[in-house]
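Asker: Input final.cif, format and content: mmCIF, C-alpha atoms (C1' of nucleotides).
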data_upload
loop_
_atom_site.group_PDB
_atom_site.id
_atom_site.type_symbol
_atom_site.label_atom_id
_atom_site.label_comp_id
_atom_site.auth_asym_id
_atom_site.auth_seq_id
_atom_site.Cartn_x
_atom_site.Cartn_y
_atom_site.Cartn_z
ATOM 1 C CA MET A 3 -61.415 11.557 14.928
ATOM 2 C CA ALA A 4 -60.665 8.644 12.651
ATOM 3 C CA MET A 5 -61.160 10.683 9.493
ATOM 4 C CA ALA A 6 -58.949 13.477 10.735
ATOM 5 C CA LEU A 7 -56.171 11.039 11.395
ATOM 6 C CA ARG A 8 -56.350 9.521 7.924
ATOM 7 C CA THR A 9 -56.306 12.956 6.372
ATOM 8 C CA ALA A 10 -53.230 13.906 8.309
ATOM 9 C CA VAL A 11 -51.436 10.753 7.194
ATOM 10 C CA ALA A 12 -52.267 11.377 3.542
ATOM 11 C CA ALA A 13 -51.117 14.983 3.744
ATOM 12 C CA ALA A 14 -47.834 13.963 5.278
ATOM 13 C CA ALA A 15 -47.156 11.287 2.689
ATOM 14 C CA ALA A 16 -47.924 13.353 -0.381
ATOM 15 C CA PRO A 17 -45.015 15.824 -0.282
ATOM 16 C CA ARG A 18 -42.495 12.986 -0.309
ATOM 17 C CA GLY A 19 -43.715 11.853 -3.694
ATOM 18 C CA PHE A 20 -43.423 15.362 -5.081
ATOM 19 C CA ARG A 21 -39.961 15.766 -3.734
ATOM 20 C CA ARG A 22 -38.830 12.816 -5.828
ATOM 21 C CA LEU A 23 -40.224 14.424 -8.937
ATOM 22 C CA PHE A 24 -38.404 17.652 -8.262
ATOM 23 C CA SER A 25 -35.190 15.967 -7.223
ATOM 24 C CA THR A 26 -34.733 14.520 -10.694
ATOM 25 C CA THR A 27 -34.568 18.026 -12.151
ATOM 26 C CA VAL A 28 -31.715 19.066 -9.873
ATOM 27 C CA THR A 29 -28.384 19.358 -11.646
ATOM 28 C CA PRO A 30 -25.793 17.118 -9.973
ATOM 29 C CA PRO A 31 -23.036 19.174 -8.370
ATOM 30 C CA PHE A 32 -19.549 18.967 -9.809
ATOM 31 C CA ASN A 33 -17.238 16.548 -8.032
ATOM 32 C CA PRO A 34 -13.717 17.904 -7.583
ATOM 33 C CA PRO A 35 -10.847 15.401 -7.269
ATOM 34 C CA SER A 36 -10.660 16.261 -3.591
ATOM 35 C CA ALA A 37 -14.217 15.170 -2.950
ATOM 36 C CA SER A 38 -13.652 11.623 -1.783
ATOM 37 C CA VAL A 39 -10.358 10.465 -0.357
ATOM 38 C CA ALA A 40 -11.436 6.837 -0.439
ATOM 39 C CA ALA A 41 -12.331 6.998 -4.116
ATOM 40 C CA GLN A 42 -9.117 8.836 -4.868
ATOM 41 C CA GLN A 43 -7.148 5.988 -3.392
ATOM 42 C CA ARG A 44 -8.528 3.754 -6.115
ATOM 43 C CA GLU A 45 -7.335 6.064 -8.870
ATOM 44 C CA LYS A 46 -3.871 6.351 -10.294
ATOM 45 C CA ALA A 47 -1.635 8.595 -8.261
ATOM 46 C CA GLU A 48 -0.123 11.753 -9.636
ATOM 47 C CA PRO A 49 3.476 11.791 -10.868
ATOM 48 C CA SER A 50 6.067 11.197 -8.214
ATOM 49 C CA THR A 51 9.632 9.971 -7.914
ATOM 50 C CA ASN A 52 8.301 6.982 -6.028
ATOM 51 C CA LEU A 53 7.007 4.017 -7.982
ATOM 52 C CA PHE A 54 4.752 1.166 -7.001
ATOM 53 C CA VAL A 55 5.730 -2.049 -8.730
ATOM 54 C CA SER A 56 3.377 -5.006 -8.658
ATOM 55 C CA GLY A 57 3.125 -8.361 -10.333
ATOM 56 C CA LEU A 58 6.582 -9.318 -9.191
ATOM 57 C CA SER A 59 7.733 -12.873 -8.957
ATOM 58 C CA LYS A 60 8.083 -14.130 -5.404
ATOM 59 C CA ARG A 61 11.676 -14.860 -6.220
ATOM 60 C CA THR A 62 12.435 -11.329 -7.344
ATOM 61 C CA THR A 63 14.588 -9.672 -4.738
ATOM 62 C CA THR A 64 15.318 -6.063 -3.864
ATOM 63 C CA GLU A 65 18.667 -6.194 -5.644
ATOM 64 C CA LYS A 66 17.086 -7.532 -8.829
ATOM 65 C CA LEU A 67 14.416 -4.844 -8.671
ATOM 66 C CA HIS A 68 17.028 -2.142 -8.194
ATOM 67 C CA GLU A 69 19.200 -3.315 -11.050
ATOM 68 C CA ALA A 70 16.276 -3.777 -13.438
ATOM 69 C CA PHE A 71 14.932 -0.262 -12.920
ATOM 70 C CA SER A 72 18.395 1.291 -12.973
ATOM 71 C CA GLN A 73 18.481 0.816 -16.739
ATOM 72 C CA PHE A 74 16.123 3.747 -17.165
ATOM 73 C CA GLY A 75 17.277 6.185 -14.510
ATOM 74 C CA GLU A 76 19.024 6.782 -11.240
ATOM 75 C CA VAL A 77 17.405 4.643 -8.574
ATOM 76 C CA VAL A 78 17.947 6.009 -5.096
ATOM 77 C CA HIS A 79 15.890 3.380 -3.320
ATOM 78 C CA ALA A 80 14.309 0.070 -4.179
ATOM 79 C CA LYS A 81 12.560 -2.393 -1.960
ATOM 80 C CA VAL A 82 10.594 -5.574 -2.366
ATOM 81 C CA VAL A 83 7.974 -5.819 0.329
ATOM 82 C CA THR A 84 8.330 -9.035 2.251
ATOM 83 C CA ASP A 85 6.401 -10.600 5.065
ATOM 84 C CA ARG A 86 8.109 -9.831 8.325
ATOM 85 C CA VAL A 87 7.708 -13.279 9.858
ATOM 86 C CA SER A 88 8.153 -15.535 6.856
ATOM 87 C CA GLY A 89 10.531 -13.301 4.943
ATOM 88 C CA TYR A 90 8.866 -14.179 1.649
ATOM 89 C CA SER A 91 8.117 -11.551 -0.963
ATOM 90 C CA LYS A 92 4.603 -10.215 -1.175
ATOM 91 C CA GLY A 93 4.953 -9.820 -4.915
ATOM 92 C CA PHE A 94 5.239 -6.054 -5.033
ATOM 93 C CA GLY A 95 7.689 -3.359 -4.136
ATOM 94 C CA PHE A 96 8.708 0.270 -4.451
ATOM 95 C CA VAL A 97 11.297 2.066 -6.515
ATOM 96 C CA ARG A 98 12.322 5.661 -5.924
ATOM 97 C CA TYR A 99 14.117 7.580 -8.642
ATOM 98 C CA ALA A 100 16.255 10.664 -8.236
ATOM 99 C CA THR A 101 14.072 12.794 -10.503
ATOM 100 C CA LEU A 102 10.566 12.832 -11.916
ATOM 101 C CA GLU A 103 12.011 12.432 -15.390
ATOM 102 C CA ASP A 104 13.744 9.224 -14.414
ATOM 103 C CA ALA A 105 10.574 7.986 -12.751
ATOM 104 C CA ALA A 106 8.642 8.586 -15.963
ATOM 105 C CA LYS A 107 11.278 6.776 -17.979
ATOM 106 C CA GLY A 108 11.225 3.962 -15.444
ATOM 107 C CA ILE A 109 7.517 3.454 -15.942
ATOM 108 C CA GLU A 110 7.841 3.622 -19.701
ATOM 109 C CA GLY A 111 10.675 1.146 -19.639
ATOM 110 C CA MET A 112 9.434 -1.334 -17.076
ATOM 111 C CA ASP A 113 5.633 -1.248 -17.036
ATOM 112 C CA GLY A 114 4.244 -4.338 -18.720
ATOM 113 C CA LYS A 115 7.687 -5.866 -19.123
ATOM 114 C CA PHE A 116 8.907 -9.228 -17.931
ATOM 115 C CA LEU A 117 10.963 -9.665 -14.800
ATOM 116 C CA ASP A 118 11.874 -13.129 -13.633
ATOM 117 C CA GLY A 119 9.174 -14.597 -15.832
ATOM 118 C CA TRP A 120 6.353 -12.374 -14.629
ATOM 119 C CA VAL A 121 4.686 -9.381 -16.235
ATOM 120 C CA ILE A 122 5.195 -6.526 -13.827
ATOM 121 C CA PHE A 123 3.308 -3.270 -13.461
ATOM 122 C CA ALA A 124 5.025 -0.001 -12.689
ATOM 123 C CA GLU A 125 3.023 3.062 -11.720
ATOM 124 C CA TYR A 126 3.313 6.105 -9.543
ATOM 125 C CA ALA A 127 3.034 5.261 -5.881
ATOM 126 C CA ARG A 128 0.438 6.967 -3.743
ATOM 127 C CA PRO A 129 1.597 9.224 -0.952
ATOM 128 C CA ARG A 130 2.178 7.202 2.155
ATOM 129 C CA GLN A 131 0.279 7.313 5.395
ATOM 130 C CA PRO A 132 1.037 9.982 7.981
ATOM 131 C CA PRO A 133 4.392 8.887 9.444
ATOM 132 C CA THR A 134 3.843 10.685 12.714
ATOM 133 C CA PRO A 135 0.653 9.738 14.569
ATOM 134 C CA PRO A 136 -0.308 12.485 17.033
ATOM 135 C CA GLU A 137 -0.124 11.930 20.754
ATOM 136 C CA ASN A 138 -3.814 11.267 21.126
ATOM 137 C CA ASN A 139 -3.539 7.778 22.514
ATOM 138 C CA MET A 140 -2.908 8.827 26.081
ATOM 139 C CA TYR A 141 -6.503 8.139 26.983
ATOM 140 C CA PRO A 142 -8.367 4.835 26.510
ATOM 141 C CA PRO A 143 -10.409 4.632 23.273
ATOM 142 C CA TYR A 144 -14.180 4.732 23.492
ATOM 143 C CA GLY A 145 -13.824 6.125 26.994
ATOM 144 C CA HIS A 146 -16.361 8.370 28.596
ATOM 145 C CA GLN A 147 -15.948 12.102 28.338
ATOM 146 C "C1'" DA B 30 1.420 -22.524 0.814
ATOM 147 C "C1'" DG B 31 1.678 -24.256 -3.886
ATOM 148 C "C1'" DT B 32 -1.315 -18.130 -2.630
ATOM 149 C "C1'" DG B 33 -1.378 -13.428 -7.584
ATOM 150 C "C1'" DA B 34 -4.806 -8.360 -6.250
ATOM 151 C "C1'" DG B 35 -2.527 -4.952 -4.168
ATOM 152 C "C1'" DC B 36 0.347 0.588 -1.856
ATOM 153 C "C1'" DG B 37 5.405 -0.579 2.357
ATOM 154 C "C1'" DT B 38 8.930 -3.687 8.640
#
Starting from the file, lay out its structure as structure tokens.
Answerer:
Amino acid sequence: MAMALRTAVAAAAAPRGFRRLFSTTVTPPFNPPSASVAAQQREKAEPSTNLFVSGLSKRTTTEKLHEAFSQFGEVVHAKVVTDRVSGYSKGFGFVRYATLEDAAKGIEGMDGKFLDGWVIFAEYARPRQPPTPPENNMYPPYGHQ
DNA sequence: AGTGAGCGT
């Protein structure tokens, strides 16, 4: 009985080692851009009229942001993100141009430039979160089925 | 906070 058991254990362990040998010969599948949403969030967003501006001075206001980016196109909306309770700037903001061409010129003209003594970064903003959460909160979370 | 990478009350 003891020998049969040891044989069974050895037979079960062997195939795992072979699988590793064969797995190295498998060609890795191509990874489309839509493979991982989380990884895509770390990459630069595709061209948009909306711009994400970071590296701002804490003293830079929405008006200053609007007027600085207006030199390179028609700004339809600009906003410095501030803390709701303290009211202080978080050091970044958003600028929306009227057209994609203006947005491109805005990046070319403002990215890496100085604003209020700080080097700012202008890039295309990522699409925002779903603005309309579905009505699926009527029932308590983690509740039983 | 005097904060210093980030994606919005």
Asker: Translate the PyMOL selection byres ((chain B) within 8 of (chain A)), as applied to the file shown, into an explicit residue set as a list in words.
Answerer: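 Evaluating the PyMOL selection byres ((chain B) within 8 of (chain A)) on this file yields DG33, DG35, DC36, DG37 and DT38 of chain B.
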Asker: On this file, the PyMOL selection byres ((chain A and resi 102) around 10) gives some set of residues; write that set as a PyMOL selection string.
Answerer: chain A and resi 49-52+75+98-101+103-108
Asker: Between atom CA of A:Lys46 and atom CA of A:Glu65, what distance in Å does the model show, to one decimal?
Answerer: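 That distance, rounded to one decimal, is 26.2 Å.
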Asker: Separation of atom CA of A:Gly114 and atom CA of A:Ser88, in Å?
Answerer: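 Between atom CA of A:Gly114 and atom CA of A:Ser88 the gap is 28.2 Å.
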Asker: So the first atom is atom CA of A:Ala47 and the second is atom CA of A:Ile109; what is the distance between them in Å, to one decimal place?
Answerer: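 Going from atom CA of A:Ala47 over to atom CA of A:Ile109, I get 13.0 Å.
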Asker: Kindly write N, CA, C and O atoms of stretch 68-102 of chain A from the structure just given to a file, as an mmCIF file, in the first residue's frame.
Answerer:
data_model
loop_
_atom_site.group_PDB
_atom_site.id
_atom_site.type_symbol
_atom_site.label_atom_id
_atom_site.label_comp_id
_atom_site.auth_asym_id
_atom_site.auth_seq_id
_atom_site.Cartn_x
_atom_site.Cartn_y
_atom_site.Cartn_z
ATOM 1 N N HIS A 68 -7.570 80.143 -17.155
ATOM 2 C CA HIS A 68 -8.367 80.431 -18.341
ATOM 3 C C HIS A 68 -7.652 81.418 -19.251
ATOM 4 O O HIS A 68 -7.572 81.211 -20.462
ATOM 5 N N GLU A 69 -7.121 82.462 -18.656
ATOM 6 C CA GLU A 69 -6.493 83.508 -19.473
ATOM 7 C C GLU A 69 -5.163 83.043 -20.056
ATOM 8 O O GLU A 69 -4.787 83.448 -21.151
ATOM 9 N N ALA A 70 -4.469 82.159 -19.348
ATOM 10 C CA ALA A 70 -3.181 81.679 -19.856
ATOM 11 C C ALA A 70 -3.383 80.762 -21.060
ATOM 12 O O ALA A 70 -2.650 80.834 -22.047
ATOM 13 N N PHE A 71 -4.382 79.909 -20.995
ATOM 14 C CA PHE A 71 -4.617 78.962 -22.089
ATOM 15 C C PHE A 71 -5.375 79.596 -23.252
ATOM 16 O O PHE A 71 -5.422 79.034 -24.342
ATOM 17 N N SER A 72 -5.976 80.748 -23.010
ATOM 18 C CA SER A 72 -6.724 81.418 -24.071
ATOM 19 C C SER A 72 -5.810 82.000 -25.147
ATOM 20 O O SER A 72 -6.282 82.368 -26.218
ATOM 21 N N GLN A 73 -4.514 82.062 -24.850
ATOM 22 C CA GLN A 73 -3.579 82.589 -25.845
ATOM 23 C C GLN A 73 -3.426 81.658 -27.034
ATOM 24 O O GLN A 73 -2.946 82.061 -28.091
ATOM 25 N N PHE A 74 -3.827 80.430 -26.881
ATOM 26 C CA PHE A 74 -3.583 79.434 -27.938
ATOM 27 C C PHE A 74 -4.860 78.844 -28.506
ATOM 28 O O PHE A 74 -4.815 77.915 -29.302
ATOM 29 N N GLY A 75 -6.002 79.356 -28.088
ATOM 30 C CA GLY A 75 -7.259 78.845 -28.615
ATOM 31 C C GLY A 75 -8.440 79.330 -27.806
ATOM 32 O O GLY A 75 -8.288 80.012 -26.790
ATOM 33 N N GLU A 76 -9.614 78.933 -28.271
ATOM 34 C CA GLU A 76 -10.836 79.366 -27.598
ATOM 35 C C GLU A 76 -11.159 78.428 -26.442
ATOM 36 O O GLU A 76 -11.529 77.265 -26.644
ATOM 37 N N VAL A 77 -11.009 78.936 -25.242
ATOM 38 C CA VAL A 77 -11.292 78.148 -24.046
ATOM 39 C C VAL A 77 -12.767 78.306 -23.674
ATOM 40 O O VAL A 77 -13.243 79.411 -23.462
ATOM 41 N N VAL A 78 -13.459 77.196 -23.619
ATOM 42 C CA VAL A 78 -14.878 77.247 -23.276
ATOM 43 C C VAL A 78 -15.098 76.974 -21.795
ATOM 44 O O VAL A 78 -16.143 77.294 -21.233
ATOM 45 N N HIS A 79 -14.096 76.343 -21.168
ATOM 46 C CA HIS A 79 -14.229 76.050 -19.749
ATOM 47 C C HIS A 79 -12.870 75.806 -19.129
ATOM 48 O O HIS A 79 -12.046 75.104 -19.691
ATOM 49 N N ALA A 80 -12.645 76.405 -17.995
ATOM 50 C CA ALA A 80 -11.394 76.179 -17.270
ATOM 51 C C ALA A 80 -11.710 76.124 -15.790
ATOM 52 O O ALA A 80 -12.577 76.836 -15.292
ATOM 53 N N LYS A 81 -10.998 75.243 -15.110
ATOM 54 C CA LYS A 81 -11.298 75.081 -13.687
ATOM 55 C C LYS A 81 -10.102 74.542 -12.940
ATOM 56 O O LYS A 81 -9.500 73.548 -13.312
ATOM 57 N N VAL A 82 -9.749 75.227 -11.870
ATOM 58 C CA VAL A 82 -8.719 74.710 -10.975
ATOM 59 C C VAL A 82 -9.419 73.922 -9.884
ATOM 60 O O VAL A 82 -10.323 74.435 -9.220
ATOM 61 N N VAL A 83 -9.003 72.692 -9.713
ATOM 62 C CA VAL A 83 -9.637 71.841 -8.712
ATOM 63 C C VAL A 83 -9.191 72.257 -7.322
ATOM 64 O O VAL A 83 -7.999 72.328 -7.036
ATOM 65 N N THR A 84 -10.152 72.542 -6.497
ATOM 66 C CA THR A 84 -9.846 72.979 -5.131
ATOM 67 C C THR A 84 -10.512 72.046 -4.124
ATOM 68 O O THR A 84 -11.511 71.398 -4.420
ATOM 69 N N ASP A 85 -9.948 72.018 -2.956
ATOM 70 C CA ASP A 85 -10.549 71.221 -1.890
ATOM 71 C C ASP A 85 -11.846 71.884 -1.437
ATOM 72 O O ASP A 85 -11.901 73.094 -1.240
ATOM 73 N N ARG A 86 -12.859 71.082 -1.287
ATOM 74 C CA ARG A 86 -14.180 71.643 -1.007
ATOM 75 C C ARG A 86 -14.253 72.317 0.369
ATOM 76 O O ARG A 86 -14.921 73.328 0.545
ATOM 77 N N VAL A 87 -13.571 71.749 1.341
ATOM 78 C CA VAL A 87 -13.662 72.296 2.695
ATOM 79 C C VAL A 87 -12.690 73.452 2.921
ATOM 80 O O VAL A 87 -13.052 74.476 3.494
ATOM 81 N N SER A 88 -11.467 73.276 2.454
ATOM 82 C CA SER A 88 -10.462 74.312 2.700
ATOM 83 C C SER A 88 -10.490 75.392 1.633
ATOM 84 O O SER A 88 -10.121 76.535 1.901
ATOM 85 N N GLY A 89 -10.905 75.012 0.417
ATOM 86 C CA GLY A 89 -10.958 75.983 -0.656
ATOM 87 C C GLY A 89 -9.621 76.193 -1.340
ATOM 88 O O GLY A 89 -9.523 76.954 -2.297
ATOM 89 N N TYR A 90 -8.586 75.495 -0.887
ATOM 90 C CA TYR A 90 -7.269 75.652 -1.480
ATOM 91 C C TYR A 90 -7.128 74.785 -2.729
ATOM 92 O O TYR A 90 -7.742 73.728 -2.844
ATOM 93 N N SER A 91 -6.299 75.287 -3.641
ATOM 94 C CA SER A 91 -6.087 74.567 -4.902
ATOM 95 C C SER A 91 -5.364 73.250 -4.657
ATOM 96 O O SER A 91 -4.511 73.135 -3.789
ATOM 97 N N LYS A 92 -5.729 72.270 -5.447
ATOM 98 C CA LYS A 92 -5.055 70.975 -5.363
ATOM 99 C C LYS A 92 -3.847 70.908 -6.285
ATOM 100 O O LYS A 92 -3.182 69.894 -6.349
ATOM 101 N N GLY A 93 -3.622 71.974 -7.019
ATOM 102 C CA GLY A 93 -2.433 72.025 -7.871
ATOM 103 C C GLY A 93 -2.650 71.497 -9.272
ATOM 104 O O GLY A 93 -1.701 71.353 -10.027
ATOM 105 N N PHE A 94 -3.879 71.216 -9.623
ATOM 106 C CA PHE A 94 -4.162 70.803 -11.001
ATOM 107 C C PHE A 94 -5.551 71.280 -11.395
ATOM 108 O O PHE A 94 -6.332 71.737 -10.563
ATOM 109 N N GLY A 95 -5.822 71.185 -12.673
ATOM 110 C CA GLY A 95 -7.111 71.680 -13.146
ATOM 111 C C GLY A 95 -7.423 71.142 -14.530
ATOM 112 O O GLY A 95 -6.717 70.272 -15.048
ATOM 113 N N PHE A 96 -8.489 71.673 -15.111
ATOM 114 C CA PHE A 96 -8.930 71.208 -16.430
ATOM 115 C C PHE A 96 -9.258 72.396 -17.308
ATOM 116 O O PHE A 96 -9.779 73.409 -16.841
ATOM 117 N N VAL A 97 -8.922 72.228 -18.579
ATOM 118 C CA VAL A 97 -9.198 73.278 -19.565
ATOM 119 C C VAL A 97 -9.859 72.637 -20.781
ATOM 120 O O VAL A 97 -9.316 71.695 -21.362
ATOM 121 N N ARG A 98 -11.024 73.147 -21.146
ATOM 122 C CA ARG A 98 -11.717 72.607 -22.310
ATOM 123 C C ARG A 98 -11.735 73.636 -23.436
ATOM 124 O O ARG A 98 -12.198 74.759 -23.238
ATOM 125 N N TYR A 99 -11.213 73.209 -24.577
ATOM 126 C CA TYR A 99 -11.193 74.082 -25.751
ATOM 127 C C TYR A 99 -12.417 73.828 -26.625
ATOM 128 O O TYR A 99 -13.094 72.802 -26.498
ATOM 129 N N ALA A 100 -12.646 74.761 -27.530
ATOM 130 C CA ALA A 100 -13.801 74.646 -28.421
ATOM 131 C C ALA A 100 -13.583 73.547 -29.458
ATOM 132 O O ALA A 100 -14.525 72.849 -29.835
ATOM 133 N N THR A 101 -12.350 73.400 -29.913
ATOM 134 C CA THR A 101 -12.065 72.407 -30.955
ATOM 135 C C THR A 101 -10.834 71.586 -30.586
ATOM 136 O O THR A 101 -10.059 71.957 -29.697
ATOM 137 N N LEU A 102 -10.671 70.480 -31.279
ATOM 138 C CA LEU A 102 -9.504 69.630 -31.064
ATOM 139 C C LEU A 102 -8.225 70.333 -31.507
ATOM 140 O O LEU A 102 -7.156 70.103 -30.932
#
